[in-house]
file work_27.cif (mmCIF, C-alpha atoms)
data_coords
#
loop_
_atom_site.label_atom_id
_atom_site.label_comp_id
_atom_site.auth_asym_id
_atom_site.auth_seq_id
_atom_site.Cartn_x
_atom_site.Cartn_y
_atom_site.Cartn_z
CA MET A 1 -6.19 -35.09 -34.53
CA GLY A 2 -4.45 -31.87 -35.60
CA TRP A 3 -5.93 -28.98 -37.56
CA SER A 4 -5.38 -30.74 -40.88
CA GLY A 5 -7.30 -33.77 -39.65
CA PHE A 6 -10.11 -31.59 -38.33
CA LEU A 7 -10.42 -29.64 -41.60
CA ARG A 8 -10.19 -32.86 -43.63
CA HIS A 9 -13.09 -34.20 -41.54
CA LEU A 10 -15.17 -31.06 -42.20
CA GLN A 11 -14.43 -31.24 -45.91
CA ALA A 12 -15.38 -34.94 -46.00
CA ARG A 13 -18.69 -34.06 -44.36
CA GLY A 14 -19.39 -31.62 -47.21
CA LEU A 15 -18.32 -28.26 -45.82
CA LYS A 16 -17.57 -26.04 -48.80
CA GLY A 17 -17.94 -22.46 -49.99
CA ILE A 18 -15.97 -21.07 -47.04
CA ARG A 19 -15.23 -17.38 -47.65
CA LEU A 20 -13.73 -16.40 -44.30
CA VAL A 21 -12.09 -18.11 -41.35
CA LEU A 22 -11.84 -16.11 -38.15
CA SER A 23 -9.40 -17.18 -35.44
CA ASP A 24 -6.45 -16.26 -33.32
CA ALA A 25 -2.98 -16.62 -34.82
CA CYS A 26 -2.55 -20.34 -34.19
CA LEU A 27 0.10 -21.15 -36.79
CA GLY A 28 -0.98 -24.75 -37.49
CA ARG A 29 -4.58 -23.70 -38.02
CA LYS A 30 -3.67 -20.80 -40.26
CA GLU A 31 -1.49 -23.01 -42.48
CA SER A 32 -4.05 -25.82 -42.64
CA ILE A 33 -6.86 -23.50 -43.70
CA GLY A 34 -4.96 -22.62 -46.87
CA ASP A 35 -4.45 -26.30 -47.66
CA PHE A 36 -8.15 -27.21 -47.42
CA TYR A 37 -9.93 -23.94 -48.21
CA PRO A 38 -7.54 -21.90 -50.36
CA GLU A 39 -10.32 -19.58 -51.51
CA ALA A 40 -11.14 -18.54 -47.92
CA GLY A 41 -9.76 -15.37 -46.42
CA TRP A 42 -8.31 -15.45 -42.92
CA GLN A 43 -9.20 -12.81 -40.34
CA ARG A 44 -7.09 -12.60 -37.22
CA CYS A 45 -9.28 -11.84 -34.23
CA ILE A 46 -8.62 -8.20 -33.34
CA VAL A 47 -9.19 -8.80 -29.62
CA HIS A 48 -6.50 -11.50 -29.59
CA PHE A 49 -4.31 -9.24 -31.70
CA TYR A 50 -4.64 -6.41 -29.16
CA ARG A 51 -3.79 -8.79 -26.32
CA ASN A 52 -0.69 -9.93 -28.23
CA VAL A 53 0.38 -6.31 -28.71
CA PHE A 54 -0.15 -5.49 -25.03
CA SER A 55 1.96 -8.46 -23.95
CA HIS A 56 4.98 -6.84 -25.65
CA MET A 57 4.80 -3.47 -23.94
CA PRO A 58 4.77 -1.74 -20.55
CA ARG A 59 1.41 -1.81 -18.74
CA GLY A 60 1.41 1.95 -18.33
CA ARG A 61 1.10 2.43 -22.08
CA VAL A 62 -1.74 -0.05 -22.71
CA LYS A 63 -4.66 2.43 -22.62
CA GLU A 64 -2.97 4.86 -24.96
CA VAL A 65 -1.92 2.17 -27.42
CA SER A 66 -5.36 0.56 -27.17
CA ARG A 67 -6.98 3.79 -28.37
CA MET A 68 -4.49 3.95 -31.23
CA LEU A 69 -5.23 0.38 -32.32
CA GLN A 70 -8.98 0.92 -32.08
CA ALA A 71 -8.63 3.94 -34.37
CA ILE A 72 -7.16 1.64 -37.03
CA HIS A 73 -10.14 -0.70 -36.87
CA ALA A 74 -12.68 2.14 -36.69
CA SER A 75 -11.71 3.35 -40.17
CA GLU A 76 -14.44 3.41 -42.79
CA TYR A 77 -12.30 2.02 -45.60
CA LEU A 78 -9.44 -0.42 -45.98
CA GLU A 79 -7.08 2.22 -47.35
CA SER A 80 -7.78 4.58 -44.45
CA ALA A 81 -7.18 1.69 -42.01
CA ARG A 82 -3.84 0.96 -43.66
CA HIS A 83 -2.93 4.65 -43.55
CA LYS A 84 -3.91 4.85 -39.87
CA ALA A 85 -1.82 1.74 -39.15
CA THR A 86 1.19 3.47 -40.71
CA GLU A 87 0.57 6.53 -38.52
CA VAL A 88 0.24 4.36 -35.41
CA GLU A 89 3.45 2.53 -36.26
CA LYS A 90 5.29 5.85 -36.54
CA LYS A 91 3.78 7.05 -33.25
CA LEU A 92 4.88 3.82 -31.53
CA ARG A 93 8.43 4.40 -32.74
CA ASP A 94 8.27 7.97 -31.37
CA MET A 95 7.12 6.46 -28.04
CA LYS A 96 10.26 4.25 -28.06
CA LEU A 97 8.18 1.12 -28.63
CA SER A 98 10.06 -0.03 -31.72
CA SER A 99 9.52 -3.75 -31.15
CA VAL A 100 5.76 -3.19 -30.91
CA ALA A 101 5.87 -1.02 -34.03
CA ASP A 102 7.76 -3.76 -35.90
CA TRP A 103 5.24 -6.35 -34.77
CA LEU A 104 2.33 -4.10 -35.81
CA ASP A 105 3.91 -3.61 -39.22
CA GLN A 106 4.23 -7.38 -39.69
CA CYS A 107 0.80 -8.41 -38.40
CA VAL A 108 -1.79 -5.65 -38.77
CA ALA A 109 -2.78 -6.70 -42.32
CA GLU A 110 -4.05 -9.99 -40.85
CA THR A 111 -6.64 -8.01 -38.87
CA LEU A 112 -8.02 -6.12 -41.87
CA THR A 113 -9.47 -8.98 -43.93
CA TYR A 114 -13.01 -8.12 -42.80
CA TYR A 115 -12.91 -5.02 -45.02
CA ARG A 116 -13.45 -7.32 -48.04
CA PHE A 117 -17.00 -7.97 -46.82
CA LEU A 118 -20.13 -5.84 -46.44
CA ALA A 119 -19.77 -3.13 -43.79
CA GLU A 120 -22.88 -4.31 -41.93
CA HIS A 121 -21.07 -7.60 -41.17
CA TRP A 122 -17.83 -6.07 -39.91
CA ILE A 123 -18.79 -5.95 -36.25
CA ARG A 124 -19.47 -9.71 -36.27
CA ILE A 125 -16.46 -10.87 -38.28
CA ARG A 126 -13.64 -8.86 -36.69
CA THR A 127 -13.42 -10.96 -33.54
CA ASN A 128 -14.27 -14.48 -32.44
CA ASN A 129 -15.03 -13.44 -28.85
CA PRO A 130 -18.83 -13.89 -29.19
CA LEU A 131 -18.22 -17.52 -30.20
CA GLU A 132 -15.79 -17.98 -27.31
CA ARG A 133 -18.46 -16.63 -24.94
CA ILE A 134 -20.97 -19.20 -26.22
CA ILE A 135 -18.44 -22.03 -25.83
CA ARG A 136 -17.61 -20.87 -22.30
CA GLU A 137 -21.33 -20.80 -21.40
CA ILE A 138 -21.89 -24.33 -22.76
CA ARG A 139 -18.79 -25.57 -20.93
CA ARG A 140 -20.08 -24.01 -17.69
CA ARG A 141 -23.44 -25.77 -18.04
CA THR A 142 -21.98 -29.15 -18.96
CA ARG A 143 -19.63 -29.06 -15.95
CA VAL A 144 -22.63 -28.69 -13.66
CA VAL A 145 -24.06 -31.94 -15.01
CA GLY A 146 -20.74 -33.75 -14.72
CA ALA A 147 -21.18 -37.09 -16.47
CA PHE A 148 -23.82 -37.50 -19.16
CA PRO A 149 -25.54 -40.87 -19.64
CA ASP A 150 -24.84 -40.69 -23.39
CA GLY A 151 -23.67 -38.33 -26.10
CA ASN A 152 -27.22 -37.51 -27.12
CA SER A 153 -28.08 -35.98 -23.73
CA ALA A 154 -24.98 -33.75 -23.92
CA LEU A 155 -25.95 -32.76 -27.45
CA MET A 156 -29.48 -31.92 -26.31
CA LEU A 157 -28.16 -29.68 -23.52
CA CYS A 158 -25.88 -27.84 -25.95
CA ALA A 159 -28.62 -27.50 -28.56
CA ALA A 160 -31.04 -26.14 -25.95
CA ARG A 161 -28.51 -23.51 -24.90
CA LEU A 162 -27.85 -22.52 -28.53
CA ARG A 163 -31.60 -22.22 -29.17
CA HIS A 164 -31.88 -19.97 -26.12
CA ILE A 165 -29.03 -17.76 -27.34
CA ALA A 166 -30.45 -17.61 -30.88
CA GLY A 167 -33.84 -16.58 -29.50
CA SER A 168 -32.43 -13.73 -27.42
#
call {"tool": "encode", "arguments": {"input": "work_27.cif", "output": "structure tokens"}}
result
Amino acid sequence: MGWSGFLRHLQARGLKGIRLVLSDACLGRKESIGDFYPEAGWQRCIVHFYRNVFSHMPRGRVKEVSRMLQAIHASEYLESARHKATEVEKKLRDMKLSSVADWLDQCVAETLTYYRFLAEHWIRIRTNNPLERIIREIRRRTRVVGAFPDGNSALMLCAARLRHIAGS
């Protein structure tokens, strides 16, 4: 089942009113979201975005560029973030990192969707890393068990872990 099948399944189960989808830049997922939830905004995970940027540049420049990217996403308003992104792009060109600057110019807007929402939610909707951490923790615990006698026992283990996380 591809992303369209997965989203069709969610829609058939009654999922509606989606305002924001947060993910990495998986092209099939991004395109499918628009087909099934056209009213939803898409936020590219900024952590994945940073990793993508760093993969296109020399390691020795990562810390400096990281600070520059973080300054974009630390802006108080969307317009100031866009302005900062333009400044960073220019600085990258001055650093002879034109391909990174081009890539930033093409993709940075995808990381600014969270500005449409209340500021108190920004920290939670800029990146999907907290969700990835939860999934990794559940995967670690299910591997210890190995084979489950039935799907219900696996579900109970996952639900117990989620309850523990929610209570923390």
call {"tool": "resolve_selection", "arguments": {"input": "work_27.cif", "expression": "the PyMOL selection byres ((chain A and resi 28) around 12)", "output": "list in words"}}
result
Met1, Gly2, Trp3, Ser4, Gly5, Phe6, Leu7, Ser23, Asp24, Ala25, Cys26, Leu27, Arg29, Lys30, Glu31, Ser32, Ile33, Gly34 and Asp35 of chain A
call {"tool": "residues_around", "arguments": {"input": "work_27.cif", "residues": "region 116-125 of chain A", "least_positions_apart": "3", "cutoff": "12 Å", "atoms": "only C-alpha atoms", "output": "NGL selection string"}}
result
:A and (19-23 or 40-47 or 73-79 or 111-113 or 128-131)
call {"tool": "write_last_selection", "arguments": {"input": "work_27.cif", "atoms": "C-alpha atoms", "output": "JSON list (two decimals), in the frame of the given file"}}
result
[["chain", "number", "residue", "atom", "x", "y", "z"],
["A", 19, "ARG", "CA", -15.23, -17.38, -47.65],
["A", 20, "LEU", "CA", -13.73, -16.40, -44.30],
["A", 21, "VAL", "CA", -12.09, -18.11, -41.35],
["A", 22, "LEU", "CA", -11.84, -16.11, -38.15],
["A", 23, "SER", "CA", -9.40, -17.18, -35.44],
["A", 40, "ALA", "CA", -11.14, -18.54, -47.92],
["A", 41, "GLY", "CA", -9.76, -15.37, -46.42],
["A", 42, "TRP", "CA", -8.31, -15.45, -42.92],
["A", 43, "GLN", "CA", -9.20, -12.81, -40.34],
["A", 44, "ARG", "CA", -7.09, -12.60, -37.22],
["A", 45, "CYS", "CA", -9.28, -11.84, -34.23],
["A", 46, "ILE", "CA", -8.62, -8.20, -33.34],
["A", 47, "VAL", "CA", -9.19, -8.80, -29.62],
["A", 73, "HIS", "CA", -10.14, -0.70, -36.87],
["A", 74, "ALA", "CA", -12.68, 2.14, -36.69],
["A", 75, "SER", "CA", -11.71, 3.35, -40.17],
["A", 76, "GLU", "CA", -14.44, 3.41, -42.79],
["A", 77, "TYR", "CA", -12.30, 2.02, -45.60],
["A", 78, "LEU", "CA", -9.44, -0.42, -45.98],
["A", 79, "GLU", "CA", -7.08, 2.22, -47.35],
["A", 111, "THR", "CA", -6.64, -8.01, -38.87],
["A", 112, "LEU", "CA", -8.02, -6.12, -41.87],
["A", 113, "THR", "CA", -9.47, -8.98, -43.93],
["A", 128, "ASN", "CA", -14.27, -14.48, -32.44],
["A", 129, "ASN", "CA", -15.03, -13.44, -28.85],
["A", 130, "PRO", "CA", -18.83, -13.89, -29.19],
["A", 131, "LEU", "CA", -18.22, -17.52, -30.20]]
call {"tool": "resolve_selection", "arguments": {"input": "work_27.cif", "expression": "the PyMOL selection byres ((chain A and resi 88) around 12)", "output": "number ranges by chain"}}
result
A: 64-73, 81-87, 89-95, 97-98, 100-105, 108
call {"tool": "atom_distance", "arguments": {"input": "work_27.cif", "atom1": "CA of Thr127 (chain A)", "atom2": "CA of Val53 (chain A)"}}
result
15.3 Å
call {"tool": "atom_distance", "arguments": {"input": "work_27.cif", "atom1": "CA of Ile135 (chain A)", "atom2": "CA of Tyr114 (chain A)"}}
result
22.6 Å
call {"tool": "closest_residue", "arguments": {"input": "work_27.cif", "among": "A:Leu15, A:Glu137, A:Pro149, A:Val144", "to": "Arg161 (chain A)", "atoms": "only C-alpha atoms"}}
result
A:Glu137
call {"tool": "atom_distance", "arguments": {"input": "work_27.cif", "atom1": "CA of Gly167 (chain A)", "atom2": "CA of Lys16 (chain A)"}}
result
27.0 Å
call {"tool": "decode", "arguments": {"input": "work_27.cif", "residues": "region 60-98 of chain A", "atoms": "N, CA and C atoms", "output": "compact mmCIF listing (two decimals), in the first residue's frame"}}
result
# COMPACT_ATOMS: atom_id res chain seq x y z
N GLY A 60 33.16 20.97 7.35
CA GLY A 60 33.76 22.06 8.11
C GLY A 60 32.88 23.30 8.22
N ARG A 61 31.87 23.38 7.41
CA ARG A 61 30.97 24.54 7.41
C ARG A 61 29.64 24.26 8.12
N VAL A 62 29.43 23.05 8.59
CA VAL A 62 28.13 22.65 9.13
C VAL A 62 27.73 23.49 10.34
N LYS A 63 28.62 23.69 11.31
CA LYS A 63 28.25 24.45 12.51
C LYS A 63 27.83 25.88 12.17
N GLU A 64 28.60 26.50 11.32
CA GLU A 64 28.30 27.88 10.93
C GLU A 64 26.96 27.97 10.20
N VAL A 65 26.75 27.09 9.26
CA VAL A 65 25.49 27.10 8.50
C VAL A 65 24.33 26.70 9.40
N SER A 66 24.56 25.81 10.33
CA SER A 66 23.52 25.40 11.28
C SER A 66 23.02 26.61 12.06
N ARG A 67 23.93 27.43 12.55
CA ARG A 67 23.53 28.64 13.29
C ARG A 67 22.72 29.58 12.40
N MET A 68 23.11 29.67 11.15
CA MET A 68 22.40 30.53 10.21
C MET A 68 20.97 30.03 9.97
N LEU A 69 20.83 28.72 9.79
CA LEU A 69 19.50 28.14 9.57
C LEU A 69 18.63 28.29 10.81
N GLN A 70 19.22 28.07 11.97
CA GLN A 70 18.45 28.20 13.22
C GLN A 70 17.95 29.63 13.41
N ALA A 71 18.73 30.60 12.95
CA ALA A 71 18.30 32.00 13.05
C ALA A 71 17.04 32.24 12.22
N ILE A 72 16.92 31.55 11.10
CA ILE A 72 15.71 31.68 10.28
C ILE A 72 14.50 31.23 11.09
N HIS A 73 14.62 30.06 11.70
CA HIS A 73 13.48 29.46 12.40
C HIS A 73 13.29 30.00 13.81
N ALA A 74 14.17 30.89 14.26
CA ALA A 74 14.00 31.54 15.56
C ALA A 74 13.29 32.88 15.42
N SER A 75 12.95 33.26 14.21
CA SER A 75 12.29 34.55 13.97
C SER A 75 10.91 34.56 14.61
N GLU A 76 10.49 35.75 15.03
CA GLU A 76 9.20 35.88 15.70
C GLU A 76 8.01 35.92 14.74
N TYR A 77 8.27 36.30 13.50
CA TYR A 77 7.19 36.44 12.53
C TYR A 77 7.59 35.82 11.20
N LEU A 78 6.61 35.44 10.43
CA LEU A 78 6.85 34.83 9.13
C LEU A 78 7.67 35.75 8.22
N GLU A 79 7.31 37.01 8.17
CA GLU A 79 8.03 37.94 7.29
C GLU A 79 9.49 38.08 7.70
N SER A 80 9.76 38.12 9.00
CA SER A 80 11.16 38.22 9.44
C SER A 80 11.91 36.93 9.13
N ALA A 81 11.23 35.78 9.19
CA ALA A 81 11.87 34.50 8.83
C ALA A 81 12.21 34.50 7.34
N ARG A 82 11.30 34.98 6.52
CA ARG A 82 11.58 35.05 5.08
C ARG A 82 12.74 36.00 4.80
N HIS A 83 12.75 37.14 5.48
CA HIS A 83 13.83 38.10 5.31
C HIS A 83 15.17 37.49 5.73
N LYS A 84 15.15 36.79 6.87
CA LYS A 84 16.38 36.14 7.35
C LYS A 84 16.84 35.08 6.37
N ALA A 85 15.90 34.34 5.79
CA ALA A 85 16.26 33.31 4.80
C ALA A 85 16.94 33.94 3.59
N THR A 86 16.47 35.10 3.17
CA THR A 86 17.10 35.81 2.06
C THR A 86 18.53 36.23 2.42
N GLU A 87 18.71 36.71 3.65
CA GLU A 87 20.05 37.08 4.12
C GLU A 87 20.98 35.86 4.16
N VAL A 88 20.45 34.75 4.66
CA VAL A 88 21.26 33.52 4.75
C VAL A 88 21.63 33.04 3.36
N GLU A 89 20.70 33.10 2.44
CA GLU A 89 20.99 32.70 1.06
C GLU A 89 22.13 33.53 0.48
N LYS A 90 22.08 34.83 0.71
CA LYS A 90 23.14 35.73 0.22
C LYS A 90 24.48 35.37 0.88
N LYS A 91 24.45 35.13 2.17
CA LYS A 91 25.67 34.78 2.90
C LYS A 91 26.26 33.46 2.38
N LEU A 92 25.39 32.50 2.08
CA LEU A 92 25.85 31.22 1.52
C LEU A 92 26.54 31.43 0.17
N ARG A 93 25.99 32.31 -0.63
CA ARG A 93 26.62 32.62 -1.92
C ARG A 93 28.00 33.26 -1.72
N ASP A 94 28.09 34.16 -0.72
CA ASP A 94 29.37 34.79 -0.38
C ASP A 94 30.39 33.76 0.11
N MET A 95 29.88 32.68 0.74
CA MET A 95 30.75 31.60 1.24
C MET A 95 31.09 30.60 0.14
N LYS A 96 30.68 30.88 -1.08
CA LYS A 96 30.91 30.00 -2.24
C LYS A 96 30.15 28.67 -2.10
N LEU A 97 28.97 28.75 -1.51
CA LEU A 97 28.09 27.59 -1.37
C LEU A 97 26.82 27.84 -2.18
N SER A 98 27.01 28.12 -3.46
CA SER A 98 25.89 28.49 -4.33
C SER A 98 24.85 27.39 -4.47
